[in-house]
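To start, the structure itself, in C-alpha coordinates.
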Amino acid sequence: VKAFGTAYQYMLVSAAPEREALFQSLKTEFGSTFAFHGSPPENWHSILRNGLKNASSTALMISGAAHGAGIYLSPRSCVSAHYSKLAPAIGNVTAAPNSAGGCDLTGTRRLDLGSLRMLAVCEVINHPSLNKVNNHHIWVAPKEETVVTRFFLVYSANLVPNLDLQDVQLQAKLRTCMKAFGNWSHV
(Lines give C-alpha, C1' and ligand atoms only; values in the text may rest on other atoms or scores of the structure.)
Protein backbone atom coordinates (compact mmCIF):
# COMPACT_ATOMS: atom_id res chain seq x y z
CA VAL A 1 0.00 0.00 0.00
CA LYS A 2 1.87 3.03 -1.26
CA ALA A 3 0.22 5.43 1.21
CA PHE A 4 1.90 3.60 4.12
CA GLY A 5 5.22 5.12 3.04
CA THR A 6 7.37 2.13 3.94
CA ALA A 7 8.67 -0.89 2.07
CA TYR A 8 8.47 -2.80 5.35
CA GLN A 9 4.79 -3.66 5.39
CA TYR A 10 3.44 -7.12 5.98
CA MET A 11 -0.07 -8.50 5.64
CA LEU A 12 -1.03 -10.61 8.61
CA VAL A 13 -3.18 -13.70 8.67
CA SER A 14 -2.51 -14.35 12.32
CA ALA A 15 -5.81 -14.71 14.16
CA ALA A 16 -6.63 -18.23 15.30
CA PRO A 17 -9.44 -19.74 13.19
CA GLU A 18 -11.92 -19.57 16.09
CA ARG A 19 -11.10 -15.91 16.75
CA GLU A 20 -11.34 -15.06 13.05
CA ALA A 21 -14.73 -16.80 12.83
CA LEU A 22 -16.04 -14.83 15.83
CA PHE A 23 -14.63 -11.61 14.33
CA GLN A 24 -16.36 -12.30 11.00
CA SER A 25 -19.64 -12.98 12.79
CA LEU A 26 -19.39 -9.64 14.64
CA LYS A 27 -18.38 -7.92 11.40
CA THR A 28 -21.52 -9.20 9.68
CA GLU A 29 -23.61 -7.78 12.50
CA PHE A 30 -21.86 -4.43 13.15
CA GLY A 31 -19.52 -3.72 10.21
CA SER A 32 -15.84 -2.84 10.53
CA THR A 33 -13.32 -0.09 10.00
CA PHE A 34 -9.54 0.30 10.38
CA ALA A 35 -7.28 1.87 12.99
CA PHE A 36 -3.61 1.91 13.92
CA HIS A 37 -2.11 0.41 17.06
CA GLY A 38 1.35 1.49 18.19
CA SER A 39 3.44 -0.48 20.65
CA PRO A 40 7.15 -0.59 21.57
CA PRO A 41 9.41 -3.05 19.70
CA GLU A 42 9.65 -5.38 22.69
CA ASN A 43 5.87 -6.07 22.53
CA TRP A 44 5.59 -7.13 18.89
CA HIS A 45 6.68 -10.75 19.23
CA SER A 46 3.76 -11.40 21.55
CA ILE A 47 1.31 -9.26 19.55
CA LEU A 48 2.15 -11.06 16.31
CA ARG A 49 1.81 -14.49 17.94
CA ASN A 50 -1.17 -13.85 20.21
CA GLY A 51 -3.01 -10.83 18.82
CA LEU A 52 -3.71 -7.66 20.72
CA LYS A 53 -4.73 -8.14 24.32
CA ASN A 54 -6.49 -5.88 26.79
CA ALA A 55 -3.61 -5.38 29.22
CA SER A 56 -5.32 -2.61 31.20
CA SER A 57 -4.84 -2.93 34.96
CA THR A 58 -2.39 -5.83 34.56
CA ALA A 59 1.38 -6.06 35.01
CA LEU A 60 1.66 -5.88 31.20
CA MET A 61 0.11 -2.38 30.96
CA ILE A 62 2.73 0.20 29.94
CA SER A 63 0.80 3.34 28.93
CA GLY A 64 -2.03 3.57 31.43
CA ALA A 65 -5.76 3.51 30.83
CA ALA A 66 -6.79 7.17 30.83
CA HIS A 67 -9.97 6.43 28.87
CA GLY A 68 -10.84 3.09 30.44
CA ALA A 69 -9.75 -0.51 30.06
CA GLY A 70 -9.22 -1.85 26.57
CA ILE A 71 -7.03 -2.01 23.48
CA TYR A 72 -6.01 1.52 22.48
CA LEU A 73 -6.16 2.41 18.79
CA SER A 74 -6.34 5.47 16.59
CA PRO A 75 -7.35 6.15 13.01
CA ARG A 76 -4.41 8.60 12.95
CA SER A 77 -0.91 7.19 12.46
CA CYS A 78 0.71 10.10 14.32
CA VAL A 79 -1.25 9.26 17.49
CA SER A 80 -0.31 5.56 17.43
CA ALA A 81 3.31 6.27 16.47
CA HIS A 82 3.71 8.11 19.76
CA TYR A 83 3.18 4.79 21.60
CA SER A 84 5.57 2.81 19.41
CA LYS A 85 8.88 3.89 20.86
CA LEU A 86 11.17 1.73 22.96
CA ALA A 87 9.92 1.63 26.54
CA PRO A 88 12.28 2.93 29.23
CA ALA A 89 13.66 0.58 31.85
CA ILE A 90 11.40 0.20 34.88
CA GLY A 91 12.56 -0.25 38.47
CA ASN A 92 15.82 -2.19 38.82
CA VAL A 93 15.79 -3.50 35.24
CA THR A 94 18.56 -2.10 33.08
CA ALA A 95 19.86 -3.09 29.69
CA ALA A 96 23.31 -4.64 29.59
CA PRO A 97 25.71 -2.26 27.86
CA ASN A 98 27.21 -3.37 24.58
CA SER A 99 30.04 -2.17 22.37
CA ALA A 100 27.56 -0.73 19.86
CA GLY A 101 26.47 2.03 22.22
CA GLY A 102 23.08 0.49 22.95
CA CYS A 103 22.64 -1.20 19.57
CA ASP A 104 22.55 -4.91 18.94
CA LEU A 105 24.77 -6.52 16.33
CA THR A 106 22.69 -8.50 13.83
CA GLY A 107 24.78 -10.21 11.20
CA THR A 108 27.01 -7.48 9.79
CA ARG A 109 24.65 -4.64 10.76
CA ARG A 110 23.89 -2.79 13.92
CA LEU A 111 20.23 -2.53 14.83
CA ASP A 112 19.06 0.37 16.96
CA LEU A 113 15.58 -0.60 18.15
CA GLY A 114 15.14 2.90 19.56
CA SER A 115 15.10 4.28 16.01
CA LEU A 116 12.22 2.05 14.87
CA ARG A 117 8.50 2.65 15.00
CA MET A 118 6.22 -0.35 14.56
CA LEU A 119 2.50 -0.03 13.94
CA ALA A 120 -0.29 -2.45 13.23
CA VAL A 121 -3.20 -1.64 10.99
CA CYS A 122 -6.12 -3.34 12.71
CA GLU A 123 -9.56 -4.14 11.50
CA VAL A 124 -11.97 -3.02 14.22
CA ILE A 125 -15.61 -3.96 14.68
CA ASN A 126 -17.98 -0.96 14.89
CA HIS A 127 -19.28 -2.51 18.10
CA PRO A 128 -21.35 -0.41 20.55
CA SER A 129 -18.63 -0.99 23.18
CA LEU A 130 -16.00 0.82 21.04
CA ASN A 131 -15.28 4.10 22.83
CA LYS A 132 -14.10 6.96 20.59
CA VAL A 133 -12.67 9.82 22.65
CA ASN A 134 -10.50 12.91 22.23
CA ASN A 135 -12.29 14.15 19.12
CA HIS A 136 -12.41 10.55 17.85
CA HIS A 137 -8.58 10.38 17.68
CA ILE A 138 -8.32 7.75 20.42
CA TRP A 139 -10.39 4.57 20.35
CA VAL A 140 -10.68 2.11 23.21
CA ALA A 141 -11.88 -1.42 22.38
CA PRO A 142 -12.67 -3.19 25.66
CA LYS A 143 -13.49 -6.48 23.91
CA GLU A 144 -10.43 -8.25 22.45
CA GLU A 145 -12.56 -10.14 19.95
CA THR A 146 -13.45 -6.85 18.20
CA VAL A 147 -9.87 -6.14 17.06
CA VAL A 148 -7.72 -8.16 14.63
CA THR A 149 -4.30 -7.16 13.27
CA ARG A 150 -4.23 -7.05 9.46
CA PHE A 151 -0.97 -5.29 8.51
CA PHE A 152 2.36 -4.80 10.31
CA LEU A 153 4.36 -1.67 9.41
CA VAL A 154 7.96 -0.81 10.34
CA TYR A 155 9.38 2.73 10.03
CA SER A 156 12.54 4.54 11.00
CA ALA A 157 11.81 6.98 13.83
CA ASN A 158 11.16 10.13 11.81
CA LEU A 159 9.48 8.66 8.74
CA VAL A 160 5.96 7.73 9.89
CA PRO A 161 3.60 9.50 7.47
CA ASN A 162 0.57 11.32 8.84
CA LEU A 163 -2.28 9.06 7.71
CA ASP A 164 -5.95 8.89 8.60
CA LEU A 165 -7.53 5.46 8.21
CA GLN A 166 -10.98 7.03 8.12
CA ASP A 167 -10.14 8.08 4.55
CA VAL A 168 -12.64 6.13 2.42
CA GLN A 169 -10.18 5.59 -0.44
CA LEU A 170 -7.50 4.22 1.89
CA GLN A 171 -10.03 1.86 3.50
CA ALA A 172 -11.07 0.63 0.05
CA LYS A 173 -7.40 0.02 -0.83
CA LEU A 174 -6.90 -2.01 2.36
CA ARG A 175 -9.96 -4.15 1.66
CA THR A 176 -8.82 -4.68 -1.94
CA CYS A 177 -5.36 -5.81 -0.75
CA MET A 178 -6.89 -8.15 1.79
CA LYS A 179 -9.09 -9.75 -0.87
CA ALA A 180 -6.32 -10.01 -3.46
CA PHE A 181 -3.46 -11.21 -1.29
CA GLY A 182 -4.98 -12.54 1.89
CA ASN A 183 -7.51 -14.90 0.36
CA TRP A 184 -10.19 -13.33 2.56
CA SER A 185 -13.36 -13.96 0.63
CA HIS A 186 -15.35 -12.51 3.52
CA VAL A 187 -13.77 -9.01 3.44
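Identifiers in the C-alpha coordinates: chain A, B, ... in order shown; residue index from 1 per chain; ligand index from 1 in order shown.
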| Within 9 Å of Arg49 of chain A using only C-alpha atoms, minus same-chain residues under 4 positions, as number ranges by chain | A: 14-15, 44-45
| Residue neighbourhood His137 of chain A, 12 Å, only C-alpha atoms, exclusion window fewer than 5 positions, as a PyMOL selection string | chain A and resi 35-37+67+72-80+131-132+163-166
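With only C-alpha atoms as the atoms that count, the residue of A:Gly70, A:Ile125, A:Asn43, A:His82 with the shortest distance to Pro142 of chain A is A:Gly70.
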Please identify the strand (DSSP E or B) residues within segment 125-173 of chain A (assignment by DSSP from backbone atoms) and present them as a PDB file with all heavy atoms, in the first residue's frame.
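The result, written out as part_20.pdb:
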```pdb
ATOM      1  N   ILE A 125     -14.158  -3.861  14.775  1.00  0.00           N
ATOM      2  CA  ILE A 125     -15.611  -3.958  14.679  1.00  0.00           C
ATOM      3  C   ILE A 125     -16.237  -2.653  15.183  1.00  0.00           C
ATOM      4  O   ILE A 125     -15.833  -2.123  16.222  1.00  0.00           O
ATOM      5  CB  ILE A 125     -16.140  -5.156  15.519  1.00  0.00           C
ATOM      6  CG1 ILE A 125     -15.565  -6.474  14.986  1.00  0.00           C
ATOM      7  CG2 ILE A 125     -17.661  -5.177  15.548  1.00  0.00           C
ATOM      8  CD1 ILE A 125     -15.951  -6.821  13.576  1.00  0.00           C
ATOM      9  N   ASN A 131     -15.227   2.749  22.275  1.00  0.00           N
ATOM     10  CA  ASN A 131     -15.282   4.098  22.830  1.00  0.00           C
ATOM     11  C   ASN A 131     -14.338   5.003  22.040  1.00  0.00           C
ATOM     12  O   ASN A 131     -13.131   4.794  22.043  1.00  0.00           O
ATOM     13  CB  ASN A 131     -14.883   4.051  24.312  1.00  0.00           C
ATOM     14  CG  ASN A 131     -15.035   5.382  24.993  1.00  0.00           C
ATOM     15  OD1 ASN A 131     -15.718   6.281  24.522  1.00  0.00           O
ATOM     16  ND2 ASN A 131     -14.390   5.521  26.140  1.00  0.00           N
ATOM     17  N   LYS A 132     -14.896   6.008  21.365  1.00  0.00           N
ATOM     18  CA  LYS A 132     -14.100   6.963  20.590  1.00  0.00           C
ATOM     19  C   LYS A 132     -14.059   8.270  21.369  1.00  0.00           C
ATOM     20  O   LYS A 132     -15.086   8.905  21.572  1.00  0.00           O
ATOM     21  CB  LYS A 132     -14.696   7.165  19.205  1.00  0.00           C
ATOM     22  CG  LYS A 132     -14.686   5.901  18.369  1.00  0.00           C
ATOM     23  CD  LYS A 132     -15.279   6.132  16.989  1.00  0.00           C
ATOM     24  CE  LYS A 132     -15.249   4.857  16.160  1.00  0.00           C
ATOM     25  NZ  LYS A 132     -15.798   5.072  14.806  1.00  0.00           N
ATOM     26  N   VAL A 133     -12.850   8.639  21.812  1.00  0.00           N
ATOM     27  CA  VAL A 133     -12.671   9.824  22.654  1.00  0.00           C
ATOM     28  C   VAL A 133     -11.667  10.777  22.018  1.00  0.00           C
ATOM     29  O   VAL A 133     -11.071  10.475  20.985  1.00  0.00           O
ATOM     30  CB  VAL A 133     -12.223   9.432  24.091  1.00  0.00           C
ATOM     31  CG1 VAL A 133     -13.285   8.617  24.790  1.00  0.00           C
ATOM     32  CG2 VAL A 133     -10.913   8.681  24.068  1.00  0.00           C
ATOM     33  N   ILE A 138      -8.706   8.897  19.601  1.00  0.00           N
ATOM     34  CA  ILE A 138      -8.322   7.750  20.421  1.00  0.00           C
ATOM     35  C   ILE A 138      -9.538   6.841  20.541  1.00  0.00           C
ATOM     36  O   ILE A 138     -10.633   7.297  20.884  1.00  0.00           O
ATOM     37  CB  ILE A 138      -7.829   8.178  21.818  1.00  0.00           C
ATOM     38  CG1 ILE A 138      -6.571   9.032  21.692  1.00  0.00           C
ATOM     39  CG2 ILE A 138      -7.584   6.958  22.704  1.00  0.00           C
ATOM     40  CD1 ILE A 138      -6.099   9.643  22.999  1.00  0.00           C
ATOM     41  N   TRP A 139      -9.327   5.566  20.233  1.00  0.00           N
ATOM     42  CA  TRP A 139     -10.386   4.573  20.350  1.00  0.00           C
ATOM     43  C   TRP A 139      -9.972   3.556  21.405  1.00  0.00           C
ATOM     44  O   TRP A 139      -8.808   3.143  21.459  1.00  0.00           O
ATOM     45  CB  TRP A 139     -10.602   3.833  19.042  1.00  0.00           C
ATOM     46  CG  TRP A 139     -11.030   4.670  17.877  1.00  0.00           C
ATOM     47  CD1 TRP A 139     -11.254   6.022  17.842  1.00  0.00           C
ATOM     48  CD2 TRP A 139     -11.267   4.200  16.552  1.00  0.00           C
ATOM     49  NE1 TRP A 139     -11.636   6.403  16.588  1.00  0.00           N
ATOM     50  CE2 TRP A 139     -11.639   5.318  15.767  1.00  0.00           C
ATOM     51  CE3 TRP A 139     -11.196   2.947  15.957  1.00  0.00           C
ATOM     52  CZ2 TRP A 139     -11.943   5.197  14.418  1.00  0.00           C
ATOM     53  CZ3 TRP A 139     -11.491   2.840  14.612  1.00  0.00           C
ATOM     54  CH2 TRP A 139     -11.872   3.955  13.859  1.00  0.00           C
ATOM     55  N   VAL A 140     -10.932   3.129  22.211  1.00  0.00           N
ATOM     56  CA  VAL A 140     -10.681   2.108  23.212  1.00  0.00           C
ATOM     57  C   VAL A 140     -11.653   0.955  22.952  1.00  0.00           C
ATOM     58  O   VAL A 140     -12.870   1.141  23.006  1.00  0.00           O
ATOM     59  CB  VAL A 140     -10.869   2.649  24.648  1.00  0.00           C
ATOM     60  CG1 VAL A 140     -10.518   1.568  25.668  1.00  0.00           C
ATOM     61  CG2 VAL A 140     -10.024   3.897  24.872  1.00  0.00           C
ATOM     62  N   ALA A 141     -11.086  -0.207  22.633  1.00  0.00           N
ATOM     63  CA  ALA A 141     -11.881  -1.418  22.384  1.00  0.00           C
ATOM     64  C   ALA A 141     -11.758  -2.326  23.594  1.00  0.00           C
ATOM     65  O   ALA A 141     -10.743  -2.999  23.767  1.00  0.00           O
ATOM     66  CB  ALA A 141     -11.396  -2.119  21.125  1.00  0.00           C
ATOM     67  N   VAL A 147     -11.064  -6.699  17.705  1.00  0.00           N
ATOM     68  CA  VAL A 147      -9.870  -6.137  17.062  1.00  0.00           C
ATOM     69  C   VAL A 147      -9.003  -7.270  16.522  1.00  0.00           C
ATOM     70  O   VAL A 147      -8.679  -8.209  17.253  1.00  0.00           O
ATOM     71  CB  VAL A 147      -9.033  -5.302  18.067  1.00  0.00           C
ATOM     72  CG1 VAL A 147      -7.782  -4.745  17.405  1.00  0.00           C
ATOM     73  CG2 VAL A 147      -9.865  -4.184  18.673  1.00  0.00           C
ATOM     74  N   VAL A 148      -8.629  -7.177  15.239  1.00  0.00           N
ATOM     75  CA  VAL A 148      -7.723  -8.161  14.628  1.00  0.00           C
ATOM     76  C   VAL A 148      -6.654  -7.401  13.843  1.00  0.00           C
ATOM     77  O   VAL A 148      -6.957  -6.463  13.106  1.00  0.00           O
ATOM     78  CB  VAL A 148      -8.485  -9.121  13.685  1.00  0.00           C
ATOM     79  CG1 VAL A 148      -7.543 -10.066  12.989  1.00  0.00           C
ATOM     80  CG2 VAL A 148      -9.528  -9.914  14.449  1.00  0.00           C
ATOM     81  N   THR A 149      -5.396  -7.783  14.031  1.00  0.00           N
ATOM     82  CA  THR A 149      -4.300  -7.163  13.274  1.00  0.00           C
ATOM     83  C   THR A 149      -4.351  -7.649  11.826  1.00  0.00           C
ATOM     84  O   THR A 149      -4.538  -8.836  11.573  1.00  0.00           O
ATOM     85  CB  THR A 149      -2.928  -7.492  13.891  1.00  0.00           C
ATOM     86  OG1 THR A 149      -2.793  -8.904  14.002  1.00  0.00           O
ATOM     87  CG2 THR A 149      -2.776  -6.862  15.270  1.00  0.00           C
ATOM     88  N   ARG A 150      -4.180  -6.707  10.884  1.00  0.00           N
ATOM     89  CA  ARG A 150      -4.229  -7.051   9.463  1.00  0.00           C
ATOM     90  C   ARG A 150      -2.934  -6.729   8.722  1.00  0.00           C
ATOM     91  O   ARG A 150      -2.577  -7.423   7.785  1.00  0.00           O
ATOM     92  CB  ARG A 150      -5.396  -6.330   8.777  1.00  0.00           C
ATOM     93  CG  ARG A 150      -6.767  -6.731   9.269  1.00  0.00           C
ATOM     94  CD  ARG A 150      -7.037  -8.189   8.982  1.00  0.00           C
ATOM     95  NE  ARG A 150      -8.439  -8.534   9.245  1.00  0.00           N
ATOM     96  CZ  ARG A 150      -8.851  -9.728   9.566  1.00  0.00           C
ATOM     97  NH1 ARG A 150      -7.988 -10.723   9.698  1.00  0.00           N
ATOM     98  NH2 ARG A 150     -10.121  -9.958   9.776  1.00  0.00           N
ATOM     99  N   PHE A 151      -2.240  -5.670   9.136  1.00  0.00           N
ATOM    100  CA  PHE A 151      -0.968  -5.289   8.511  1.00  0.00           C
ATOM    101  C   PHE A 151       0.008  -4.906   9.615  1.00  0.00           C
ATOM    102  O   PHE A 151      -0.391  -4.359  10.646  1.00  0.00           O
ATOM    103  CB  PHE A 151      -1.134  -4.075   7.579  1.00  0.00           C
ATOM    104  CG  PHE A 151      -2.011  -4.316   6.390  1.00  0.00           C
ATOM    105  CD1 PHE A 151      -3.376  -4.126   6.471  1.00  0.00           C
ATOM    106  CD2 PHE A 151      -1.468  -4.722   5.175  1.00  0.00           C
ATOM    107  CE1 PHE A 151      -4.204  -4.338   5.372  1.00  0.00           C
ATOM    108  CE2 PHE A 151      -2.286  -4.944   4.075  1.00  0.00           C
ATOM    109  CZ  PHE A 151      -3.658  -4.745   4.176  1.00  0.00           C
ATOM    110  N   PHE A 152       1.294  -5.176   9.386  1.00  0.00           N
ATOM    111  CA  PHE A 152       2.361  -4.796  10.307  1.00  0.00           C
ATOM    112  C   PHE A 152       3.290  -3.879   9.532  1.00  0.00           C
ATOM    113  O   PHE A 152       3.754  -4.218   8.435  1.00  0.00           O
ATOM    114  CB  PHE A 152       3.096  -6.046  10.787  1.00  0.00           C
ATOM    115  CG  PHE A 152       4.254  -5.781  11.712  1.00  0.00           C
ATOM    116  CD1 PHE A 152       4.078  -5.090  12.898  1.00  0.00           C
ATOM    117  CD2 PHE A 152       5.522  -6.245  11.399  1.00  0.00           C
ATOM    118  CE1 PHE A 152       5.141  -4.861  13.763  1.00  0.00           C
ATOM    119  CE2 PHE A 152       6.594  -6.029  12.249  1.00  0.00           C
ATOM    120  CZ  PHE A 152       6.403  -5.339  13.433  1.00  0.00           C
ATOM    121  N   LEU A 153       3.551  -2.692  10.082  1.00  0.00           N
ATOM    122  CA  LEU A 153       4.357  -1.672   9.412  1.00  0.00           C
ATOM    123  C   LEU A 153       5.573  -1.325  10.270  1.00  0.00           C
ATOM    124  O   LEU A 153       5.453  -1.173  11.489  1.00  0.00           O
ATOM    125  CB  LEU A 153       3.529  -0.400   9.200  1.00  0.00           C
ATOM    126  CG  LEU A 153       2.152  -0.586   8.571  1.00  0.00           C
ATOM    127  CD1 LEU A 153       1.386   0.726   8.592  1.00  0.00           C
ATOM    128  CD2 LEU A 153       2.270  -1.128   7.164  1.00  0.00           C
ATOM    129  N   VAL A 154       6.731  -1.180   9.630  1.00  0.00           N
ATOM    130  CA  VAL A 154       7.955  -0.809  10.338  1.00  0.00           C
ATOM    131  C   VAL A 154       8.523   0.442   9.675  1.00  0.00           C
ATOM    132  O   VAL A 154       8.673   0.502   8.448  1.00  0.00           O
ATOM    133  CB  VAL A 154       9.006  -1.949  10.299  1.00  0.00           C
ATOM    134  CG1 VAL A 154      10.256  -1.543  11.067  1.00  0.00           C
ATOM    135  CG2 VAL A 154       8.418  -3.236  10.856  1.00  0.00           C
ATOM    136  N   TYR A 155       8.841   1.444  10.494  1.00  0.00           N
ATOM    137  CA  TYR A 155       9.376   2.726  10.032  1.00  0.00           C
ATOM    138  C   TYR A 155      10.642   3.062  10.804  1.00  0.00           C
ATOM    139  O   TYR A 155      10.814   2.630  11.935  1.00  0.00           O
ATOM    140  CB  TYR A 155       8.383   3.862  10.314  1.00  0.00           C
ATOM    141  CG  TYR A 155       7.073   3.749   9.595  1.00  0.00           C
ATOM    142  CD1 TYR A 155       5.968   3.155  10.205  1.00  0.00           C
ATOM    143  CD2 TYR A 155       6.919   4.253   8.314  1.00  0.00           C
ATOM    144  CE1 TYR A 155       4.753   3.067   9.553  1.00  0.00           C
ATOM    145  CE2 TYR A 155       5.700   4.170   7.653  1.00  0.00           C
ATOM    146  CZ  TYR A 155       4.625   3.575   8.285  1.00  0.00           C
ATOM    147  OH  TYR A 155       3.425   3.490   7.639  1.00  0.00           O
ATOM    148  N   SER A 156      11.483   3.919  10.202  1.00  0.00           N
ATOM    149  CA  SER A 156      12.539   4.535  11.000  1.00  0.00           C
ATOM    150  C   SER A 156      11.861   5.667  11.774  1.00  0.00           C
ATOM    151  O   SER A 156      10.780   6.134  11.403  1.00  0.00           O
ATOM    152  CB  SER A 156      13.684   5.039  10.127  1.00  0.00           C
ATOM    153  OG  SER A 156      13.243   6.031   9.247  1.00  0.00           O
ATOM    154  N   ASP A 164      -4.672   9.026   7.914  1.00  0.00           N
ATOM    155  CA  ASP A 164      -5.951   8.891   8.598  1.00  0.00           C
ATOM    156  C   ASP A 164      -6.694   7.718   7.975  1.00  0.00           C
ATOM    157  O   ASP A 164      -7.081   7.773   6.802  1.00  0.00           O
ATOM    158  CB  ASP A 164      -6.769  10.175   8.466  1.00  0.00           C
ATOM    159  CG  ASP A 164      -8.054  10.153   9.281  1.00  0.00           C
ATOM    160  OD1 ASP A 164      -8.462   9.061   9.743  1.00  0.00           O
ATOM    161  OD2 ASP A 164      -8.641  11.228   9.464  1.00  0.00           O
TER     162      ASP A 164
END
```
| When you draw a straight line from atom CA of Gly68 of chain A to atom CA of Pro161 of chain A, how long is it in Å? |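 According to the coordinates, atom CA of Gly68 of chain A and atom CA of Pro161 of chain A are separated by 27.9 Å.
One distance worth recording is that between atom CA of Ile71 of chain A and atom CA of Glu29 of chain A, which is 20.7 Å.
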| message | I'd like the contact shell of Gln171 of chain A - 12 Å cut-off, only C-alpha atoms, skipping same-chain residues fewer than 2 positions apart - returned as a PyMOL selection string. | response | chain A and resi 1+3+32-35+75+121-124+163-169+173-178+187
| said: Between atom CA of Thr6 of chain A and atom CA of Gly38 of chain A, what is the distance in Å, rounded to a tenth? | reply: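 Here the two named atoms are 15.5 Å from each other.
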